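Visitor: Structure supplied as input.txt; contents: compact mmCIF, C-alpha atoms.
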# COMPACT_ATOMS: atom_id res chain seq x y z
CA MET A 100 3.54 -32.78 42.19
CA SER A 101 2.32 -35.67 44.33
CA GLY A 102 -0.44 -38.14 43.57
CA GLY A 103 -2.76 -36.30 45.94
CA MET A 104 -2.31 -33.07 43.97
CA ILE A 105 -3.27 -34.85 40.74
CA PHE A 106 -6.50 -36.00 42.40
CA ALA A 107 -7.16 -32.50 43.73
CA GLY A 108 -6.48 -30.93 40.33
CA ALA A 109 -8.79 -33.42 38.62
CA GLY A 110 -11.37 -32.64 41.31
CA ALA A 111 -11.13 -28.90 40.59
CA VAL A 112 -11.62 -29.53 36.86
CA LEU A 113 -14.58 -31.86 37.53
CA PHE A 114 -16.14 -29.29 39.87
CA THR A 115 -15.86 -26.60 37.21
CA MET A 116 -17.29 -28.87 34.51
CA GLY A 117 -20.23 -29.62 36.78
CA LEU A 118 -20.66 -25.92 37.48
CA VAL A 119 -20.79 -25.14 33.75
CA GLY A 120 -23.38 -27.91 33.41
CA VAL A 121 -25.55 -26.49 36.19
CA VAL A 122 -25.42 -23.03 34.61
CA LEU A 123 -25.87 -23.96 30.95
CA ILE A 124 -28.05 -27.09 30.91
CA GLY A 125 -31.81 -26.61 30.84
CA PRO A 126 -33.33 -30.09 31.34
CA LEU A 127 -33.55 -30.79 35.05
CA LEU A 128 -32.42 -34.44 34.94
CA ARG A 129 -29.17 -33.49 33.24
CA ARG A 130 -28.76 -30.53 35.55
CA ILE A 131 -29.08 -32.83 38.58
CA LEU A 132 -26.42 -35.08 37.05
CA ALA A 133 -24.15 -32.06 36.52
CA PHE A 134 -24.71 -31.13 40.17
CA ASN A 135 -23.53 -34.62 41.12
CA VAL A 136 -20.40 -34.21 38.98
CA MET A 137 -19.76 -30.98 40.89
CA GLY A 138 -20.10 -32.82 44.20
CA SER A 139 -17.73 -35.59 43.11
CA GLY A 140 -15.18 -32.92 42.21
CA ALA A 141 -15.47 -31.40 45.67
CA PHE A 142 -14.95 -34.84 47.26
CA LEU A 143 -11.84 -35.41 45.13
CA VAL A 144 -10.42 -32.03 46.16
CA LEU A 145 -11.06 -32.78 49.85
CA VAL A 146 -9.42 -36.22 49.83
CA GLY A 147 -6.68 -35.32 47.35
CA LEU A 148 -5.53 -32.11 49.07
CA ALA A 149 -5.44 -33.82 52.46
CA GLN A 150 -2.98 -36.47 51.28
CA ARG A 151 -0.80 -34.27 49.07
CA ASP A 152 2.23 -34.89 51.25
CA GLY A 153 1.94 -38.62 51.60
CA GLY A 154 -0.20 -40.36 54.21
CA ALA A 155 -3.99 -40.52 54.05
CA ASP A 156 -5.95 -38.28 56.45
CA PRO A 157 -8.93 -40.04 58.08
CA VAL A 158 -10.80 -36.79 58.87
CA PRO A 159 -11.58 -35.66 55.29
CA GLN A 160 -12.19 -39.30 54.35
CA ALA A 161 -14.89 -39.54 56.99
CA MET A 162 -16.33 -36.19 55.85
CA VAL A 163 -16.45 -37.42 52.25
CA LEU A 164 -18.10 -40.68 53.29
CA THR A 165 -20.76 -38.58 55.03
CA GLY A 166 -20.99 -36.34 51.99
CA ILE A 167 -21.52 -39.21 49.55
CA VAL A 168 -24.54 -40.46 51.50
CA VAL A 169 -25.98 -36.94 51.76
CA ALA A 170 -25.41 -36.51 48.00
CA VAL A 171 -27.46 -39.66 47.35
CA ALA A 172 -30.27 -38.33 49.52
CA SER A 173 -30.26 -34.86 47.98
CA THR A 174 -30.21 -36.35 44.47
CA ALA A 175 -33.24 -38.46 45.32
CA LEU A 176 -35.07 -35.41 46.69
CA ALA A 177 -34.14 -33.38 43.60
CA LEU A 178 -35.39 -36.16 41.33
CA ALA A 179 -38.64 -36.39 43.26
CA LEU A 180 -39.16 -32.62 42.92
CA ALA A 181 -38.29 -32.70 39.22
CA ARG A 182 -40.80 -35.50 38.64
CA ARG A 183 -43.44 -33.63 40.58
CA LEU A 184 -42.82 -30.59 38.38
CA HIS A 185 -43.14 -32.78 35.31
CA ARG A 186 -46.41 -34.25 36.51
CA LEU A 187 -47.94 -30.89 37.43
CA THR A 188 -46.78 -28.84 34.44
CA GLY A 189 -45.50 -31.31 31.87
CA ARG A 190 -42.21 -29.45 31.70
CA THR A 191 -38.72 -30.79 32.43
CA THR A 192 -37.04 -27.39 32.64
CA LEU A 193 -37.41 -24.72 35.28
CA SER A 194 -38.34 -21.81 33.02
CA ALA A 195 -40.58 -21.71 29.95
CA THR A 196 -37.78 -20.06 27.97
CA ASP A 197 -34.17 -21.05 28.32
CA ASP A 198 -32.99 -17.48 28.16
CA ASP A 199 -33.98 -15.44 31.17
CA MET B 1089 -31.31 -22.27 22.94
CA ILE B 1090 -28.75 -20.33 24.87
CA PRO B 1091 -26.95 -17.82 22.64
CA LEU B 1092 -23.50 -18.87 21.57
CA LEU B 1093 -21.94 -15.76 23.08
CA LYS B 1094 -23.33 -16.43 26.57
CA ARG B 1095 -22.27 -20.06 26.34
CA ALA B 1096 -18.72 -19.10 25.30
CA ALA B 1097 -18.50 -16.52 28.11
CA VAL B 1098 -19.59 -19.06 30.74
CA ILE B 1099 -17.12 -21.69 29.49
CA LEU B 1100 -14.30 -19.14 29.33
CA ALA B 1101 -15.00 -17.90 32.86
CA ALA B 1102 -15.19 -21.47 34.15
CA ALA B 1103 -11.91 -22.42 32.49
CA SER B 1104 -10.10 -19.49 34.08
CA PHE B 1105 -11.76 -20.34 37.41
CA ALA B 1106 -10.49 -23.93 37.17
CA GLY B 1107 -7.01 -22.69 36.31
CA ALA B 1108 -6.99 -20.28 39.25
CA LEU B 1109 -8.24 -23.04 41.55
CA VAL B 1110 -5.49 -25.46 40.50
CA PHE B 1111 -2.78 -22.82 40.86
CA ALA B 1112 -4.12 -21.82 44.28
CA MET B 1113 -3.99 -25.45 45.41
CA LEU B 1114 -0.42 -25.83 44.12
CA ASP B 1115 0.57 -22.76 46.14
CA LEU B 1116 -1.17 -23.91 49.31
CA PRO B 1117 1.08 -23.87 52.41
CA ALA B 1118 1.32 -26.96 54.60
CA PRO B 1119 -1.62 -27.21 57.04
CA GLY B 1120 -1.08 -25.68 60.47
CA VAL B 1121 -2.59 -28.60 62.36
CA HIS B 1122 -1.62 -32.14 61.50
CA LEU B 1123 -4.95 -33.96 61.80
CA PRO B 1124 -3.73 -37.55 61.17
CA ALA B 1125 -1.35 -37.18 64.13
CA ALA B 1126 -4.17 -35.84 66.33
CA VAL B 1127 -6.38 -38.78 65.35
CA GLU B 1128 -3.52 -41.22 65.96
CA ALA B 1129 -2.89 -39.76 69.41
CA ASN B 1130 -6.53 -40.25 70.48
CA MET B 1131 -7.17 -43.65 68.90
CA ALA B 1132 -6.68 -45.50 72.19
CA ALA B 1133 -9.60 -43.61 73.79
CA SER B 1134 -11.92 -43.87 70.77
CA GLY B 1135 -13.21 -47.42 71.39
CA VAL B 1136 -12.46 -48.61 67.84
CA ALA B 1137 -9.27 -49.43 65.96
CA HIS B 1138 -10.03 -47.96 62.52
CA PRO B 1139 -9.33 -44.22 62.19
CA VAL B 1140 -12.18 -43.42 59.76
CA THR B 1141 -14.74 -45.10 62.02
CA ALA B 1142 -13.25 -43.31 65.02
CA VAL B 1143 -13.63 -39.93 63.26
CA LEU B 1144 -17.14 -40.72 62.01
CA LEU B 1145 -18.66 -41.89 65.27
CA ASN B 1146 -16.45 -40.47 67.98
CA PHE B 1147 -14.36 -37.40 67.16
CA ARG B 1148 -16.88 -35.91 64.72
CA GLY B 1149 -19.93 -37.82 65.90
CA TYR B 1150 -22.23 -34.79 65.70
CA ASP B 1151 -21.58 -34.54 61.94
CA THR B 1152 -22.83 -38.08 61.53
CA LEU B 1153 -25.81 -37.43 63.79
CA LEU B 1154 -26.86 -34.43 61.72
CA GLU B 1155 -26.23 -36.35 58.52
CA VAL B 1156 -28.65 -39.11 59.52
CA GLY B 1157 -31.18 -36.39 60.32
CA VAL B 1158 -30.67 -34.96 56.81
CA LEU B 1159 -31.20 -38.41 55.29
CA LEU B 1160 -34.42 -38.91 57.21
CA LEU B 1161 -35.60 -35.44 56.17
CA ALA B 1162 -34.79 -36.17 52.51
CA LEU B 1163 -36.80 -39.39 52.65
CA LEU B 1164 -39.74 -37.57 54.25
CA GLY B 1165 -39.49 -35.00 51.46
CA VAL B 1166 -39.46 -37.66 48.76
CA LEU B 1167 -42.42 -39.45 50.35
CA ALA B 1168 -44.36 -36.19 50.74
CA VAL B 1169 -43.75 -35.02 47.18
CA GLY B 1170 -44.59 -38.35 45.62
CA ALA B 1171 -47.54 -39.19 47.87
CA ARG B 1172 -50.24 -41.32 46.28
CA ALA B 1173 -53.64 -42.19 47.65
CA THR B 1174 -53.62 -45.76 46.35
CA PRO B 1175 -50.43 -47.73 46.68
CA PRO B 1176 -50.04 -50.01 43.66
CA ALA B 1177 -49.51 -53.67 44.48
CA PRO B 1178 -46.03 -54.85 43.46
CA ALA B 1179 -46.03 -57.24 40.53
CA PRO B 1180 -45.56 -60.86 41.55
CA GLY B 1181 -42.02 -61.52 40.27
CA GLU B 1182 -41.06 -64.36 38.01
CA PRO B 1183 -40.18 -67.64 39.76
CA VAL B 1184 -36.48 -67.51 38.83
CA LYS B 1185 -36.14 -63.94 40.11
CA ARG B 1186 -38.00 -64.81 43.32
CA MET B 1187 -35.79 -67.84 43.86
CA PHE B 1188 -32.66 -65.75 43.32
CA ALA B 1189 -33.89 -63.07 45.71
CA ARG B 1190 -34.64 -65.69 48.37
CA LEU B 1191 -31.11 -67.10 48.00
CA ALA B 1192 -29.31 -63.75 47.81
CA ALA B 1193 -31.11 -61.82 50.56
CA PRO B 1194 -29.83 -63.86 53.56
CA LEU B 1195 -26.28 -63.67 52.19
CA MET B 1196 -26.62 -59.90 51.77
CA VAL B 1197 -27.78 -59.59 55.36
CA LEU B 1198 -24.76 -61.68 56.41
CA VAL B 1199 -22.43 -59.39 54.41
CA ALA B 1200 -24.06 -56.34 56.02
CA VAL B 1201 -23.49 -57.71 59.53
CA TYR B 1202 -19.89 -58.57 58.63
CA LEU B 1203 -19.28 -55.06 57.25
CA LEU B 1204 -20.78 -53.53 60.39
CA TRP B 1205 -18.55 -55.63 62.63
CA ALA B 1206 -15.45 -55.12 60.46
CA GLY B 1207 -15.85 -51.34 60.69
CA ALA B 1208 -14.19 -51.34 64.10
CA ILE B 1209 -10.84 -52.55 62.76
CA GLN B 1210 -10.77 -52.07 58.97
CA PRO B 1211 -12.70 -50.25 56.20
CA GLY B 1212 -16.40 -50.92 56.70
CA GLY B 1213 -19.04 -49.69 59.10
CA ALA B 1214 -22.63 -48.56 59.22
CA PHE B 1215 -22.75 -46.76 55.85
CA GLN B 1216 -21.38 -49.63 53.80
CA ALA B 1217 -23.48 -52.16 55.71
CA GLY B 1218 -26.55 -49.96 55.27
CA ALA B 1219 -25.96 -49.76 51.51
CA VAL B 1220 -25.85 -53.58 51.24
CA LEU B 1221 -28.96 -53.88 53.40
CA GLY B 1222 -30.72 -51.29 51.26
CA ALA B 1223 -29.89 -53.25 48.11
CA ALA B 1224 -31.31 -56.40 49.73
CA ALA B 1225 -34.51 -54.54 50.63
CA VAL B 1226 -34.87 -53.25 47.07
CA LEU B 1227 -34.37 -56.78 45.71
CA LEU B 1228 -36.97 -58.24 48.06
CA HIS B 1229 -39.47 -55.52 47.19
CA LEU B 1230 -39.02 -55.72 43.43
CA THR B 1231 -39.60 -59.46 43.47
CA GLY B 1232 -42.74 -58.98 45.55
CA ILE B 1233 -41.50 -60.96 48.56
CA LEU B 1234 -41.61 -58.01 50.98
CA PRO B 1235 -44.23 -55.59 49.66
CA GLY B 1236 -44.11 -53.35 52.74
CA TRP B 1237 -43.09 -50.22 50.82
CA GLY B 1238 -46.41 -49.95 49.01
CA ALA B 1239 -48.00 -48.71 52.23
CA PRO B 1240 -45.36 -48.11 54.94
CA GLY B 1241 -46.68 -49.58 58.21
CA LEU B 1242 -45.82 -48.66 61.77
CA ARG B 1243 -42.90 -51.08 62.03
CA LEU B 1244 -41.32 -49.78 58.82
CA ARG B 1245 -41.68 -46.19 59.96
CA ALA B 1246 -40.17 -47.07 63.33
CA GLY B 1247 -37.25 -48.77 61.57
CA LEU B 1248 -36.65 -45.66 59.46
CA ALA B 1249 -36.37 -43.43 62.50
CA ALA B 1250 -34.72 -45.92 64.89
CA GLY B 1251 -31.10 -45.18 63.92
CA PHE B 1252 -31.53 -41.45 64.32
CA LEU B 1253 -33.46 -41.83 67.59
CA ILE B 1254 -30.91 -44.23 69.15
CA PHE B 1255 -28.13 -41.84 68.15
CA LEU B 1256 -30.08 -38.92 69.60
CA VAL B 1257 -30.81 -40.74 72.88
CA VAL B 1258 -27.14 -41.67 73.32
CA ALA B 1259 -26.10 -38.08 72.54
CA GLY B 1260 -28.69 -36.75 75.00
CA ALA B 1261 -27.66 -39.16 77.73
CA LEU B 1262 -24.02 -38.15 77.30
CA LEU B 1263 -24.90 -34.46 77.61
CA ALA B 1264 -24.75 -35.00 81.37
CA GLN B 1265 -21.00 -35.39 80.92
CA GLY B 1266 -20.80 -31.84 79.61
CA ALA B 1267 -20.14 -32.38 75.89
CA VAL B 1268 -22.07 -33.72 72.90
CA LEU B 1269 -21.09 -37.31 72.13
CA ALA B 1270 -18.00 -37.43 74.35
CA TYR B 1271 -18.07 -41.14 75.18
CA PRO B 1272 -16.46 -42.41 78.38
CA PRO B 1273 -13.48 -44.38 76.98
CA ALA B 1274 -14.45 -47.60 78.79
CA GLN B 1275 -17.90 -47.70 77.17
CA ALA B 1276 -16.99 -46.10 73.83
CA GLY B 1277 -16.69 -49.34 71.86
CA ARG B 1278 -20.06 -50.67 73.02
CA LEU B 1279 -21.86 -47.37 72.48
CA ILE B 1280 -20.43 -47.03 68.97
CA LEU B 1281 -21.52 -50.57 68.11
CA LEU B 1282 -25.03 -49.84 69.42
CA ILE B 1283 -25.28 -46.64 67.38
CA GLU B 1284 -23.85 -48.30 64.29
CA ALA B 1285 -26.25 -51.23 64.51
CA GLY B 1286 -29.21 -48.83 64.65
CA LEU B 1287 -27.76 -46.75 61.83
CA THR B 1288 -27.24 -49.81 59.62
CA VAL B 1289 -30.91 -50.81 59.84
CA SER B 1290 -32.18 -47.27 59.35
CA LEU B 1291 -29.76 -46.38 56.56
CA GLY B 1292 -30.65 -49.57 54.71
CA LEU B 1293 -34.35 -48.81 54.98
CA ILE B 1294 -33.89 -45.13 54.08
CA LEU B 1295 -31.74 -45.87 51.02
CA ALA B 1296 -34.18 -48.54 49.87
CA GLY B 1297 -37.03 -46.10 50.52
CA LEU B 1298 -35.42 -43.35 48.44
CA PHE B 1299 -35.08 -45.78 45.54
CA LEU B 1300 -38.47 -47.41 45.85
CA ALA B 1301 -40.43 -44.21 46.50
CA LEU B 1302 -38.92 -42.73 43.33
CA SER B 1303 -39.66 -45.79 41.22
CA ARG B 1304 -43.05 -46.43 42.77
CA ASP B 1305 -45.51 -44.55 40.60
CA SER B 1306 -43.56 -44.26 37.36
CA GLY B 1307 -45.73 -46.83 35.65
CA ASP B 1308 -48.94 -44.80 35.45
CA GLU B 1309 -47.30 -41.69 34.13
CA ALA B 1310 -46.83 -42.52 30.47
Translate the structure described by the file into structure tokens.
Guide:
Amino acid sequence: MSGGMIFAGAGAVLFTMGLVGVVLIGPLLRRILAFNVMGSGAFLVLVGLAQRDGGADPVPQAMVLTGIVVAVASTALALALARRLHRLTGRTTLSATDDD
Amino acid sequence: MIPLLKRAAVILAAASFAGALVFAMLDLPAPGVHLPAAVEANMAASGVAHPVTAVLLNFRGYDTLLEVGVLLLALLGVLAVGARATPPAPAPGEPVKRMFARLAAPLMVLVAVYLLWAGAIQPGGAFQAGAVLGAAAVLLHLTGILPGWGAPGLRLRAGLAAGFLIFLVVAGALLAQGAVLAYPPAQAGRLILLIEAGLTVSLGLILAGLFLALSRDSGDEA
């Protein structure tokens, strides 16, 4: 198992942990953070898998660089929407009850 | 709260999903196309000497073009959602902070220009330079030296869109050659530098805008 595979495996675990967070966590701020953990896992898988047999691959690295910037932008948009929701309704979760 | 049973089921399903994912990746056959070799073979025609920059702005230039569009759209969304009728005046920073910002900002601009230039031959480029520039803009705004973000003027709006528009104009002009963003090899280096310079300014402003628009009206909420 090469170093790249370790990164990819860690990325898969991170992605799943983020996924569990998105599904189970109610408060939107923490859910946005979980979504970011998910994205970081996907980036790790992309870069790690591409270099599992040695040399680095510039193509996924460029894709991940693009992805990181888009992740920043989407996080900012999500935060703005969450704050708008909080201002309009006073709530920080999407549904009135957690269980629906 | 979420019932314990549902929580346990989700965690169990996720754990087996992660296991399956890892095993699938371990079993993955070698890729059919060897991309690093393809990049290496075309480096001479790309106009730059660093493979990541070549992929970002030449081989997969349309990805980057669309990405800048997404960034601009996200900023417009943030500005639209958080729109306020009266922009609050930024607090006049303390003298020490203002002094520090005045000393640091020119150096940050210098670092940004260096990163932009270095992108052609080593890690660096428009995104890293834009991040540094964005940090400088945030610093200058928070200390009250450049209060432009309170009410974005025409020049600021033009700066936000400039990177995307320059990129779009270059892409449109090159359409005459028959493909999106297929630079003529002789001009590739210059075109990439032009696009990257525009992107650096716009990315810096957009990143600073995302931060400042989100932090803008948090004070009157409590």
Visitor: Could the residues of chain A within 9 Å of chain B, counting all atoms listed in the file, be given as a PDB file with C-alpha atoms, in the coordinates of the input, please?
Guide:
ATOM      1  CA  MET A 100       3.540 -32.780  42.190  1.00  0.00           C
ATOM      2  CA  MET A 104      -2.310 -33.070  43.970  1.00  0.00           C
ATOM      3  CA  ALA A 107      -7.160 -32.500  43.730  1.00  0.00           C
ATOM      4  CA  GLY A 108      -6.480 -30.930  40.330  1.00  0.00           C
ATOM      5  CA  ALA A 109      -8.790 -33.420  38.620  1.00  0.00           C
ATOM      6  CA  ALA A 111     -11.130 -28.900  40.590  1.00  0.00           C
ATOM      7  CA  VAL A 112     -11.620 -29.530  36.860  1.00  0.00           C
ATOM      8  CA  LEU A 113     -14.580 -31.860  37.530  1.00  0.00           C
ATOM      9  CA  PHE A 114     -16.140 -29.290  39.870  1.00  0.00           C
ATOM     10  CA  THR A 115     -15.860 -26.600  37.210  1.00  0.00           C
ATOM     11  CA  MET A 116     -17.290 -28.870  34.510  1.00  0.00           C
ATOM     12  CA  LEU A 118     -20.660 -25.920  37.480  1.00  0.00           C
ATOM     13  CA  VAL A 119     -20.790 -25.140  33.750  1.00  0.00           C
ATOM     14  CA  VAL A 122     -25.420 -23.030  34.610  1.00  0.00           C
ATOM     15  CA  LEU A 123     -25.870 -23.960  30.950  1.00  0.00           C
ATOM     16  CA  LEU A 148      -5.530 -32.110  49.070  1.00  0.00           C
ATOM     17  CA  ALA A 149      -5.440 -33.820  52.460  1.00  0.00           C
ATOM     18  CA  ASP A 152       2.230 -34.890  51.250  1.00  0.00           C
ATOM     19  CA  GLY A 154      -0.200 -40.360  54.210  1.00  0.00           C
ATOM     20  CA  ALA A 155      -3.990 -40.520  54.050  1.00  0.00           C
ATOM     21  CA  ASP A 156      -5.950 -38.280  56.450  1.00  0.00           C
ATOM     22  CA  PRO A 157      -8.930 -40.040  58.080  1.00  0.00           C
ATOM     23  CA  VAL A 158     -10.800 -36.790  58.870  1.00  0.00           C
ATOM     24  CA  PRO A 159     -11.580 -35.660  55.290  1.00  0.00           C
ATOM     25  CA  GLN A 160     -12.190 -39.300  54.350  1.00  0.00           C
ATOM     26  CA  ALA A 161     -14.890 -39.540  56.990  1.00  0.00           C
ATOM     27  CA  MET A 162     -16.330 -36.190  55.850  1.00  0.00           C
ATOM     28  CA  LEU A 164     -18.100 -40.680  53.290  1.00  0.00           C
ATOM     29  CA  THR A 165     -20.760 -38.580  55.030  1.00  0.00           C
ATOM     30  CA  GLY A 166     -20.990 -36.340  51.990  1.00  0.00           C
ATOM     31  CA  VAL A 168     -24.540 -40.460  51.500  1.00  0.00           C
ATOM     32  CA  VAL A 169     -25.980 -36.940  51.760  1.00  0.00           C
ATOM     33  CA  VAL A 171     -27.460 -39.660  47.350  1.00  0.00           C
ATOM     34  CA  ALA A 172     -30.270 -38.330  49.520  1.00  0.00           C
ATOM     35  CA  SER A 173     -30.260 -34.860  47.980  1.00  0.00           C
ATOM     36  CA  ALA A 175     -33.240 -38.460  45.320  1.00  0.00           C
ATOM     37  CA  LEU A 176     -35.070 -35.410  46.690  1.00  0.00           C
ATOM     38  CA  ALA A 177     -34.140 -33.380  43.600  1.00  0.00           C
ATOM     39  CA  LEU A 178     -35.390 -36.160  41.330  1.00  0.00           C
ATOM     40  CA  ALA A 179     -38.640 -36.390  43.260  1.00  0.00           C
ATOM     41  CA  LEU A 180     -39.160 -32.620  42.920  1.00  0.00           C
ATOM     42  CA  ARG A 182     -40.800 -35.500  38.640  1.00  0.00           C
ATOM     43  CA  ARG A 183     -43.440 -33.630  40.580  1.00  0.00           C
ATOM     44  CA  ARG A 186     -46.410 -34.250  36.510  1.00  0.00           C
ATOM     45  CA  THR A 196     -37.780 -20.060  27.970  1.00  0.00           C
ATOM     46  CA  ASP A 197     -34.170 -21.050  28.320  1.00  0.00           C
ATOM     47  CA  ASP A 198     -32.990 -17.480  28.160  1.00  0.00           C
TER      48      ASP A 198
END
Visitor: CA of Leu1230 in chain B and CA of Ala1246 in chain B are how many Å apart?
Guide: 21.7 Å
Visitor: What does the distance from CA of Ala1250 in chain B to CA of Gly1157 in chain B come to in Å, to one decimal?
Guide: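 Interatomic distance, CA of Ala1250 in chain B to CA of Gly1157 in chain B: 11.1 Å.
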Visitor: Got a sec: who's within 8 Å of Leu193 in chain A, counting all atoms listed in the file, leaving out chain neighbours fewer than 3 positions off, as a ChimeraX atom specification?
Guide: /A:125-127,190
Visitor: Expressed in Å to a single decimal, how great is the separation between CA of Gln150 in chain A and CA of Ala1137 in chain B?
Guide: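 Interatomic distance, CA of Gln150 in chain A to CA of Ala1137 in chain B: 20.6 Å.
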Visitor: To test the calculation: enclose all listed atoms of range 122-127 of chain A in a box whose edges run along x, y and z, add 3 Å on each side, then state centre and edge lengths in Å to one decimal, as lines of an AutoDock Vina configuration file.
Guide:
center_x = -29.5
center_y = -26.9
center_z = 32.9
size_x = 14.1
size_y = 13.8
size_z = 10.2
Visitor: Which residues are near Leu1253 in chain B? Cut-off 10 Å, all atoms listed in the file, ignore same chain within fewer than 2 positions. Put them as a list in words.
Guide: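 What passes the distance filter is Leu1153, Val1156, Gly1157, Ala1246, Gly1247, Leu1248, Ala1249, Ala1250, Gly1251, Phe1255, Leu1256, Val1257, Val1258, Ala1259, Ile1283, Gly1286, Leu1287 and Ser1290 of chain B.
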Visitor: Any chance you could turn range 1269-1287 of chain B into a file with N, CA and C atoms, as a PDB file, in the first residue's frame?
Guide:
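Now in out.pdb:
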ATOM      1  N   LEU B1269     -10.340  28.341 -25.822  1.00  0.00           N
ATOM      2  CA  LEU B1269      -9.105  28.496 -25.072  1.00  0.00           C
ATOM      3  C   LEU B1269      -7.962  27.626 -25.589  1.00  0.00           C
ATOM      4  N   ALA B1270      -7.868  27.465 -26.906  1.00  0.00           N
ATOM      5  CA  ALA B1270      -6.689  26.814 -27.486  1.00  0.00           C
ATOM      6  C   ALA B1270      -5.749  27.929 -27.925  1.00  0.00           C
ATOM      7  N   TYR B1271      -4.774  28.265 -27.031  1.00  0.00           N
ATOM      8  CA  TYR B1271      -3.887  29.385 -27.324  1.00  0.00           C
ATOM      9  C   TYR B1271      -2.926  29.016 -28.452  1.00  0.00           C
ATOM     10  N   PRO B1272      -2.602  29.999 -29.323  1.00  0.00           N
ATOM     11  CA  PRO B1272      -1.478  29.764 -30.230  1.00  0.00           C
ATOM     12  C   PRO B1272      -0.204  29.693 -29.390  1.00  0.00           C
ATOM     13  N   PRO B1273       0.633  28.661 -29.572  1.00  0.00           N
ATOM     14  CA  PRO B1273       1.770  28.432 -28.683  1.00  0.00           C
ATOM     15  C   PRO B1273       2.681  29.653 -28.535  1.00  0.00           C
ATOM     16  N   ALA B1274       2.831  30.459 -29.590  1.00  0.00           N
ATOM     17  CA  ALA B1274       3.739  31.598 -29.495  1.00  0.00           C
ATOM     18  C   ALA B1274       3.224  32.645 -28.504  1.00  0.00           C
ATOM     19  N   GLN B1275       1.895  32.802 -28.431  1.00  0.00           N
ATOM     20  CA  GLN B1275       1.325  33.828 -27.559  1.00  0.00           C
ATOM     21  C   GLN B1275       0.856  33.271 -26.208  1.00  0.00           C
ATOM     22  N   ALA B1276       0.955  31.947 -26.020  1.00  0.00           N
ATOM     23  CA  ALA B1276       0.320  31.332 -24.852  1.00  0.00           C
ATOM     24  C   ALA B1276       0.801  31.946 -23.545  1.00  0.00           C
ATOM     25  N   GLY B1277       2.121  32.123 -23.407  1.00  0.00           N
ATOM     26  CA  GLY B1277       2.661  32.643 -22.157  1.00  0.00           C
ATOM     27  C   GLY B1277       2.102  34.003 -21.820  1.00  0.00           C
ATOM     28  N   ARG B1278       2.049  34.890 -22.823  1.00  0.00           N
ATOM     29  CA  ARG B1278       1.565  36.253 -22.591  1.00  0.00           C
ATOM     30  C   ARG B1278       0.070  36.253 -22.238  1.00  0.00           C
ATOM     31  N   LEU B1279      -0.695  35.462 -22.992  1.00  0.00           N
ATOM     32  CA  LEU B1279      -2.141  35.408 -22.730  1.00  0.00           C
ATOM     33  C   LEU B1279      -2.414  34.889 -21.326  1.00  0.00           C
ATOM     34  N   ILE B1280      -1.671  33.850 -20.926  1.00  0.00           N
ATOM     35  CA  ILE B1280      -1.885  33.272 -19.600  1.00  0.00           C
ATOM     36  C   ILE B1280      -1.553  34.297 -18.527  1.00  0.00           C
ATOM     37  N   LEU B1281      -0.471  35.049 -18.731  1.00  0.00           N
ATOM     38  CA  LEU B1281      -0.101  36.076 -17.743  1.00  0.00           C
ATOM     39  C   LEU B1281      -1.189  37.147 -17.657  1.00  0.00           C
ATOM     40  N   LEU B1282      -1.727  37.546 -18.824  1.00  0.00           N
ATOM     41  CA  LEU B1282      -2.797  38.548 -18.831  1.00  0.00           C
ATOM     42  C   LEU B1282      -4.008  38.039 -18.051  1.00  0.00           C
ATOM     43  N   ILE B1283      -4.423  36.804 -18.354  1.00  0.00           N
ATOM     44  CA  ILE B1283      -5.587  36.240 -17.668  1.00  0.00           C
ATOM     45  C   ILE B1283      -5.323  36.129 -16.179  1.00  0.00           C
ATOM     46  N   GLU B1284      -4.123  35.652 -15.831  1.00  0.00           N
ATOM     47  CA  GLU B1284      -3.812  35.446 -14.421  1.00  0.00           C
ATOM     48  C   GLU B1284      -3.766  36.761 -13.659  1.00  0.00           C
ATOM     49  N   ALA B1285      -3.261  37.808 -14.312  1.00  0.00           N
ATOM     50  CA  ALA B1285      -3.204  39.110 -13.637  1.00  0.00           C
ATOM     51  C   ALA B1285      -4.624  39.596 -13.328  1.00  0.00           C
ATOM     52  N   GLY B1286      -5.520  39.472 -14.323  1.00  0.00           N
ATOM     53  CA  GLY B1286      -6.913  39.857 -14.083  1.00  0.00           C
ATOM     54  C   GLY B1286      -7.547  39.013 -13.004  1.00  0.00           C
ATOM     55  N   LEU B1287      -7.273  37.700 -13.048  1.00  0.00           N
ATOM     56  CA  LEU B1287      -7.855  36.789 -12.062  1.00  0.00           C
ATOM     57  C   LEU B1287      -7.375  37.123 -10.660  1.00  0.00           C
TER      58      LEU B1287
END
